>>> print(open('target04.cif').read())   # mmCIF, C-alpha atoms
data_target
loop_
_atom_site.group_PDB
_atom_site.id
_atom_site.type_symbol
_atom_site.label_atom_id
_atom_site.label_comp_id
_atom_site.auth_asym_id
_atom_site.auth_seq_id
_atom_site.Cartn_x
_atom_site.Cartn_y
_atom_site.Cartn_z
ATOM 1 C CA MET P 1 -74.372 38.354 1.486
ATOM 2 C CA LEU P 2 -76.558 40.315 3.930
ATOM 3 C CA PHE P 3 -75.088 43.623 2.762
ATOM 4 C CA ALA P 4 -74.927 42.679 -0.928
ATOM 5 C CA GLN P 5 -71.159 42.437 -1.136
ATOM 6 C CA PRO P 6 -69.480 40.535 -3.971
ATOM 7 C CA VAL P 7 -67.616 37.391 -2.966
ATOM 8 C CA GLY P 8 -64.300 39.013 -3.950
ATOM 9 C CA ARG P 9 -64.847 41.764 -1.404
ATOM 10 C CA ILE P 10 -66.096 39.381 1.295
ATOM 11 C CA SER P 11 -62.948 37.280 0.897
ATOM 12 C CA ARG P 12 -60.791 40.341 1.697
ATOM 13 C CA LEU P 13 -62.573 41.357 4.907
ATOM 14 C CA THR P 14 -60.367 41.664 7.979
ATOM 15 C CA THR P 15 -61.051 41.982 11.688
ATOM 16 C CA ASP P 16 -60.532 45.736 11.240
ATOM 17 C CA HIS P 17 -63.855 45.808 9.357
ATOM 18 C CA ILE P 18 -65.668 44.517 12.464
ATOM 19 C CA VAL P 19 -66.427 46.852 15.389
ATOM 20 C CA ASP P 20 -67.737 45.160 18.533
ATOM 21 C CA ARG P 21 -69.216 47.464 21.162
ATOM 22 C CA GLY P 22 -70.573 44.648 23.292
ATOM 23 C CA ASP P 23 -74.269 45.278 22.694
ATOM 24 C CA THR P 24 -73.893 46.030 18.971
ATOM 25 C CA LEU P 25 -71.665 44.714 16.237
ATOM 26 C CA THR P 26 -71.044 46.736 13.095
ATOM 27 C CA LEU P 27 -69.344 46.076 9.791
ATOM 28 C CA LYS P 28 -67.432 48.871 8.072
ATOM 29 C CA LEU P 29 -68.006 48.601 4.335
ATOM 30 C CA GLY P 30 -68.401 52.257 3.397
ATOM 31 C CA ARG P 31 -68.234 55.484 5.329
ATOM 32 C CA VAL P 32 -71.091 54.529 7.665
ATOM 33 C CA PRO P 33 -70.784 51.245 9.615
ATOM 34 C CA ALA P 34 -73.722 48.864 9.127
ATOM 35 C CA GLU P 35 -75.196 47.212 12.217
ATOM 36 C CA ILE P 36 -75.242 43.433 12.059
ATOM 37 C CA PRO P 37 -78.521 41.947 13.306
ATOM 38 C CA ALA P 38 -78.891 38.995 15.664
ATOM 39 C CA PRO P 39 -78.239 36.066 15.378
ATOM 40 C CA LEU P 40 -75.626 36.858 12.723
ATOM 41 C CA ASP P 41 -73.757 39.117 15.158
ATOM 42 C CA ASP P 42 -72.871 36.176 17.428
ATOM 43 C CA LEU P 43 -71.692 34.089 14.474
ATOM 44 C CA ILE P 44 -69.392 36.892 13.314
ATOM 45 C CA ARG P 45 -68.025 37.321 16.843
ATOM 46 C CA GLN P 46 -67.150 33.606 16.799
ATOM 47 C CA LEU P 47 -65.519 33.989 13.388
ATOM 48 C CA VAL P 48 -63.338 36.855 14.662
ATOM 49 C CA GLU P 49 -62.289 34.860 17.733
ATOM 50 C CA ARG P 50 -61.545 31.614 15.864
ATOM 51 C CA ARG P 51 -59.794 32.759 12.716
ATOM 52 C CA ASN P 52 -57.850 29.591 11.943
ATOM 53 C CA GLY P 53 -55.797 29.380 8.795
ATOM 54 C CA ARG P 54 -54.243 26.187 7.517
ATOM 55 C CA ALA P 55 -50.794 27.571 6.787
ATOM 56 C CA ALA P 56 -47.873 26.063 8.684
ATOM 57 C CA THR P 57 -46.217 29.470 9.036
ATOM 58 C CA VAL P 58 -47.733 32.876 9.631
ATOM 59 C CA PRO P 59 -46.060 36.098 8.496
ATOM 60 C CA ILE P 60 -45.253 38.577 11.279
ATOM 61 C CA GLU P 61 -47.250 41.378 9.649
ATOM 62 C CA GLU P 62 -50.164 39.182 8.581
ATOM 63 C CA PRO P 63 -53.434 40.971 7.872
ATOM 64 C CA LYS P 64 -56.165 39.678 10.153
ATOM 65 C CA TRP P 65 -58.250 38.059 7.421
ATOM 66 C CA LEU P 66 -61.685 36.800 8.447
ATOM 67 C CA PHE P 67 -61.376 34.044 5.840
ATOM 68 C CA HIS P 68 -57.864 32.622 5.536
ATOM 69 C CA SER P 69 -56.270 30.951 2.570
ATOM 70 C CA ILE P 70 -54.171 27.829 2.786
ATOM 71 C CA TYR P 71 -51.257 30.105 1.896
ATOM 72 C CA PRO P 72 -49.579 32.202 4.607
ATOM 73 C CA GLY P 73 -50.766 35.795 4.795
ATOM 74 C CA GLN P 74 -53.355 35.433 2.021
ATOM 75 C CA PRO P 75 -57.142 35.726 2.142
ATOM 76 C CA ILE P 76 -59.301 32.909 0.843
ATOM 77 C CA ASP P 77 -59.619 32.831 -2.932
ATOM 78 C CA PRO P 78 -62.986 34.313 -3.993
ATOM 79 C CA HIS P 79 -63.725 31.281 -6.190
ATOM 80 C CA THR P 80 -63.094 28.942 -3.256
ATOM 81 C CA LEU P 81 -65.391 31.001 -1.030
ATOM 82 C CA GLY P 82 -68.034 31.027 -3.775
ATOM 83 C CA ARG P 83 -67.852 27.228 -4.108
ATOM 84 C CA ARG P 84 -68.196 26.835 -0.338
ATOM 85 C CA LEU P 85 -71.254 29.086 -0.293
ATOM 86 C CA LYS P 86 -72.842 27.139 -3.151
ATOM 87 C CA ALA P 87 -72.132 23.873 -1.302
ATOM 88 C CA ILE P 88 -74.250 25.054 1.636
ATOM 89 C CA GLY P 89 -77.059 26.234 -0.635
ATOM 90 C CA VAL P 90 -76.206 29.941 -1.009
ATOM 91 C CA PRO P 91 -75.672 30.915 -4.666
ATOM 92 C CA PRO P 92 -73.491 34.045 -4.194
ATOM 93 C CA GLN P 93 -74.496 36.061 -7.256
ATOM 94 C CA LEU P 94 -78.228 35.432 -6.876
ATOM 95 C CA ALA P 95 -78.070 36.165 -3.151
ATOM 96 C CA ARG P 96 -76.171 39.406 -3.770
ATOM 97 C CA HIS P 97 -78.616 40.611 -6.415
ATOM 98 C CA ALA P 98 -81.606 39.762 -4.231
ATOM 99 C CA ALA P 99 -80.054 41.656 -1.312
ATOM 100 C CA LEU P 100 -79.291 44.660 -3.528
ATOM 101 C CA MET P 101 -82.836 44.745 -4.878
ATOM 102 C CA ASP P 102 -84.213 44.612 -1.344
ATOM 103 C CA ILE P 103 -81.895 47.361 -0.087
ATOM 104 C CA ALA P 104 -82.555 49.538 -3.142
ATOM 105 C CA SER P 105 -86.305 49.265 -2.643
ATOM 106 C CA GLU P 106 -85.982 50.703 0.870
ATOM 107 C CA LEU P 107 -83.099 53.202 0.845
ATOM 108 C CA PRO P 108 -82.073 56.193 -1.273
ATOM 109 C CA ALA P 109 -79.047 55.799 -3.535
ATOM 110 C CA VAL P 110 -76.861 58.137 -1.462
ATOM 111 C CA VAL P 111 -77.439 56.004 1.645
ATOM 112 C CA ILE P 112 -76.690 52.814 -0.286
ATOM 113 C CA SER P 113 -73.406 54.250 -1.575
ATOM 114 C CA ARG P 114 -72.278 55.411 1.889
ATOM 115 C CA LEU P 115 -73.424 52.289 3.700
ATOM 116 C CA LEU P 116 -72.121 49.680 1.276
ATOM 117 C CA GLY P 117 -69.090 51.488 -0.132
ATOM 118 C CA PHE P 118 -70.510 51.731 -3.667
ATOM 119 C CA HIS P 119 -70.159 54.616 -6.066
ATOM 120 C CA GLN P 120 -73.198 56.919 -6.202
ATOM 121 C CA SER P 121 -73.984 55.872 -9.785
ATOM 122 C CA THR P 122 -74.072 52.201 -8.705
ATOM 123 C CA GLY P 123 -76.643 53.093 -6.067
ATOM 124 C CA ASP P 124 -78.649 54.991 -8.678
ATOM 125 C CA ASN P 125 -78.565 51.982 -11.024
ATOM 126 C CA TRP P 126 -79.834 49.601 -8.332
ATOM 127 C CA ILE P 127 -82.605 52.013 -7.362
ATOM 128 C CA ARG P 128 -83.679 52.085 -11.021
ATOM 129 C CA GLU P 129 -83.516 48.278 -11.244
ATOM 130 C CA SER P 130 -85.529 47.787 -8.055
ATOM 131 C CA GLN P 131 -88.321 49.972 -9.419
ATOM 132 C CA GLY P 132 -88.619 47.758 -12.485
ATOM 133 C CA PHE P 133 -91.485 48.583 -14.804
ATOM 134 C CA GLY P 134 -93.110 51.202 -12.613
ATOM 135 C CA ALA P 135 -94.826 54.504 -13.312
ATOM 136 C CA ASP P 136 -92.192 55.649 -15.841
ATOM 137 C CA TYR P 137 -92.812 52.593 -17.991
ATOM 138 C CA ALA P 138 -96.598 53.032 -17.800
ATOM 139 C CA ALA P 139 -96.238 56.696 -18.826
ATOM 140 C CA GLN P 140 -94.095 55.737 -21.837
ATOM 141 C CA VAL P 141 -96.599 53.119 -22.946
ATOM 142 C CA SER P 142 -99.515 55.549 -22.613
ATOM 143 C CA ARG P 143 -97.673 58.111 -24.792
ATOM 144 C CA ARG P 144 -97.321 55.578 -27.617
#
>>> encode(input="target04.cif", output="C-alpha cells")
Amino acid sequence: MLFAQPVGRISRLTTDHIVDRGDTLTLKLGRVPAEIPAPLDDLIRQLVERRNGRAATVPIEEPKWLFHSIYPGQPIDPHTLGRRLKAIGVPPQLARHAALMDIASELPAVVISRLLGFHQSTGDNWIRESQGFGADYAAQVSRR
C-alpha cells in the first residue's frame, strides 16, 4: 500500500519486481524503481526468501510470485489478499487512496506516472484531487 498500488496489482508482484543491492532495496512498478524505506525493506527481503505456497506440486516454469495461491503456479487471489489486509486492520482501498493523495501532494504528475506505472492522465487526476478546493475554486467563487 506504500506506493498506492491496487490489491490486484500487488497480488501479481514477483521477485523480479524486487531489486536488492544490499544497502538499498527497490521495487519496480513503473520505469523508475522506487526505493523501499526501512524497516519495510527487511520485511520484503524476508518475504522474497520465504515464499511458501501451499500447493502440493509446483510447475517447472512457475513465476516467482511474492504472494502464492493455494493453486500451483498462481498468484494469490486479489480478494483473498484484500480480506487478509482488512483482517490486520488495513482497509486496502482507503489505504491506497490516502497514499495516492499524499504522493500527489508532493510530486508532479509525470513523476507519479513513471514511478508508479500509471498513465500520465491518472497522475494528473490525482494531482487535481490532492489540491481539493484550492485557489481555482476560490477564484470561481469570487467570479460569481
>>> resolve_selection(input="target04.cif", expression="the PyMOL selection byres ((chain P and resi 50) around 12)", output="JSON, numbers by chain")
{"P": [15, 43, 44, 45, 46, 47, 48, 49, 51, 52, 53, 64, 65, 66, 67, 68]}
>>> write_last_selection(input="target04.cif", atoms="C-alpha atoms", output="tab-separated table (two decimals), in the frame of the given file")
chain	number	residue	atom	x	y	z
P	15	THR	CA	-61.05	41.98	11.69
P	43	LEU	CA	-71.69	34.09	14.47
P	44	ILE	CA	-69.39	36.89	13.31
P	45	ARG	CA	-68.03	37.32	16.84
P	46	GLN	CA	-67.15	33.61	16.80
P	47	LEU	CA	-65.52	33.99	13.39
P	48	VAL	CA	-63.34	36.85	14.66
P	49	GLU	CA	-62.29	34.86	17.73
P	51	ARG	CA	-59.79	32.76	12.72
P	52	ASN	CA	-57.85	29.59	11.94
P	53	GLY	CA	-55.80	29.38	8.80
P	64	LYS	CA	-56.16	39.68	10.15
P	65	TRP	CA	-58.25	38.06	7.42
P	66	LEU	CA	-61.68	36.80	8.45
P	67	PHE	CA	-61.38	34.04	5.84
P	68	HIS	CA	-57.86	32.62	5.54
>>> resolve_selection(input="target04.cif", expression="the PyMOL selection byres ((chain P and resi 85-92) around 12)", output="ChimeraX atom specification")
/P:1-11,78-84,93-99
>>> axis_aligned_box(input="target04.cif", around="segment 35-39 of chain P", padding_each_side="3 Å", output="AutoDock Vina command-line options")
--center_x -77.0 --center_y 41.6 --center_z 13.9 --size_x 9.7 --size_y 17.1 --size_z 9.6
>>> resolve_selection(input="target04.cif", expression="the PyMOL selection byres ((chain P and resi 102-111) around 7)", output="PyMOL selection string")
chain P and resi 98-101+112-115+120+123-124+126-127+130
>>> atom_distance(input="target04.cif", atom1="atom CA of Pro33 of chain P", atom2="atom CA of Gly117 of chain P")
9.9 Å
>>> atom_distance(input="target04.cif", atom1="atom CA of His119 of chain P", atom2="atom CA of Pro75 of chain P")
24.4 Å
>>> atom_distance(input="target04.cif", atom1="atom CA of Gly30 of chain P", atom2="atom CA of Gln74 of chain P")
22.6 Å
>>> closest_residue(input="target04.cif", among="P:Asp77, P:Asp41, P:Pro63, P:Leu116", to="Thr14 of chain P", atoms="all atoms listed in the file")
P:Pro63
>>> closest_residue(input="target04.cif", among="P:Ile36, P:Ile70, P:Ile76, P:Arg31", to="Val19 of chain P", atoms="all atoms listed in the file")
P:Ile36
>>> closest_residue(input="target04.cif", among="P:Asp23, P:Gln131, P:Asn125, P:Arg12", to="Gly73 of chain P", atoms="all atoms listed in the file")
P:Arg12
